[in-house]
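Below is one structure, written out as structure tokens; the observations come after it.
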Amino acid sequence: IAGITQAPTSQILAAGRRMTLRCTQDMRHNAMYWYRQDLGLGLRLIHYSNTAGTTGKGEVPDGYSVSRANTDDFPLTLASAVPSQTSVYFCASSDSGGYTFGSGTRLTVV
Amino acid sequence: AQSVTQLDSQVPVFEEAPVELRCNYSSSVSVYLFWYVQYPNQGLQLLLKYLSGSTLVKGINGFEAEFNKSQTSFHLRKPSVHISDTAEYFCAVRNSGYSTLTFGKGTMLLVSP
């Protein structure tokens, strides 16, 4: 089934640890995105990539980094996790018709 | 910069009643508008979208929305809701020249018997 796969589904992480959230799409969409969802704040854009080899900062990029080595993969890395990064993270991709979202990664930083 | 305001954080309604979820946006350029639904512990699913053409847009599950450029609104409506419509609904806007999507903070629709 075409779509976006995120891994892991959930994770509890000790503060200060490094963590990479994985995102893979099989739709050959050029653009990909990472959002975080927090209660009462909706979804906020962390980083995006309009095409393989390019990335850009969104609304809340601090503490996060991304890479886009190929069209299909768009991993999000937390270099040194902090409790304020506890959130649900959604990866998405888009073509001219709209966005497709993954099922999310629930991350708890303790 | 673009922004989206969803005026109601929660909308309680009885089953089979009509509902309207409000969304206003701000942008200095032409926009594309979207409504997404999120059921508990799930990702976001596209309900409907306005890209161009008719200002009345019909989506899945009996929902529709009307684009009103003069009022910069894109309210979501359903004439008769079901218990299964209980979910969080997000309005989103994208400038026609850029690909990033800006979301509102969401409206929780609570349908009771």
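Residues in the structure tokens are numbered from 1 in each chain, the chains being A, B, ... in the order shown, and ligands are numbered from 1 in the order shown.
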
**Report entry** Neighbours of chain B in chain A at 9 Å, counting only C-alpha atoms, as a list in words
**Finding:**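 Residues of chain A within 9 Å of chain B, counting only C-alpha atoms: Ala31, Tyr33, Leu39, Gly40, Leu41, Gly42, Leu43, Arg44, Leu45, Tyr48, Asn50, Gly58, Phe90, Ser94, Asp95, Ser96, Gly97, Gly98, Tyr99, Thr100, Phe101, Gly102, Ser103 and Gly104 of chain A.
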
Query raised in the report: Quick one: DSSP helix (DSSP H, G or I) residues in segment 5-109 of chain B, as a PyMOL selection string?
Result: chain B and resi 60-62+83-85

Requested in this report: Within 10 Å of Ala79 of chain A, counting only C-alpha atoms, which residues show up once you throw out same-chain ones fewer than 3 positions away? Write them as a list of chain:residue names, please.
Outcome: A:Gly16, A:Arg17, A:Arg18, A:Met19, A:Thr20, A:Gly63, A:Tyr64, A:Ser65, A:Leu76, A:Val82

Generate a file of the selected residues that holds C-alpha atoms, formatted as a PDB file, in the first residue's frame.
```pdb
ATOM      1  CA  GLY A  16      20.577  14.050  26.570  1.00  0.00           C
ATOM      2  CA  ARG A  17      20.367  11.017  24.299  1.00  0.00           C
ATOM      3  CA  ARG A  18      20.497  11.170  20.511  1.00  0.00           C
ATOM      4  CA  MET A  19      17.521   9.856  18.548  1.00  0.00           C
ATOM      5  CA  THR A  20      16.645   9.526  14.868  1.00  0.00           C
ATOM      6  CA  GLY A  63      17.192  21.103  18.478  1.00  0.00           C
ATOM      7  CA  TYR A  64      16.365  19.154  15.312  1.00  0.00           C
ATOM      8  CA  SER A  65      18.220  18.330  12.111  1.00  0.00           C
ATOM      9  CA  LEU A  76      14.684  13.609  11.723  1.00  0.00           C
ATOM     10  CA  VAL A  82      15.229  17.583  26.099  1.00  0.00           C
TER      11      VAL A  82
END
```

Requested in this report: Go ahead and compute the interatomic distance for atom CA of Ala69 of chain A and atom CA of Thr105 of chain A, in Å to one decimal.
Outcome: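 Distance reported for this atom pair: 21.3 Å.
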
Report task. Can you check which residues of chain B DSSP gives as strand (DSSP E) on the backbone and send them as number ranges by chain? Result -> B: 3-5, 10-14, 19-21, 24-26, 31-38, 44-50, 56-58, 64-68, 73-78, 87-95, 102-103, 107-112

Requested in this report: Would you kindly return, as an MDAnalysis selection string, each protein, DNA or RNA residue with an atom no farther than 10 Å from any atom of Ser54 of chain B, considering only C-alpha atoms and excluding same-chain residues fewer than 3 positions away?
Outcome: chainID B and resid 50:51 57 66:67

Requested in this report: For Val13 of chain B, work out the shell of residues within 12 Å, counting only C-alpha atoms and skipping chain neighbours fewer than 3 positions away, then give it as a PyMOL selection string.
Outcome: chain B and resi 10+16-21+78-83+85-86+108-113

Query raised in the report: Suppose you want the space between atom CA of Val109 of chain A and atom CA of Glu59 of chain A; what is it in Å?
Result: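 Between atom CA of Val109 of chain A and atom CA of Glu59 of chain A the gap is 20.8 Å.
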
Query raised in the report: Separation of atom CA of Pro83 of chain A and atom CA of Ile12 of chain A, in Å?
Result: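 If I compute the distance from atom CA of Pro83 of chain A to atom CA of Ile12 of chain A, I get 10.7 Å.
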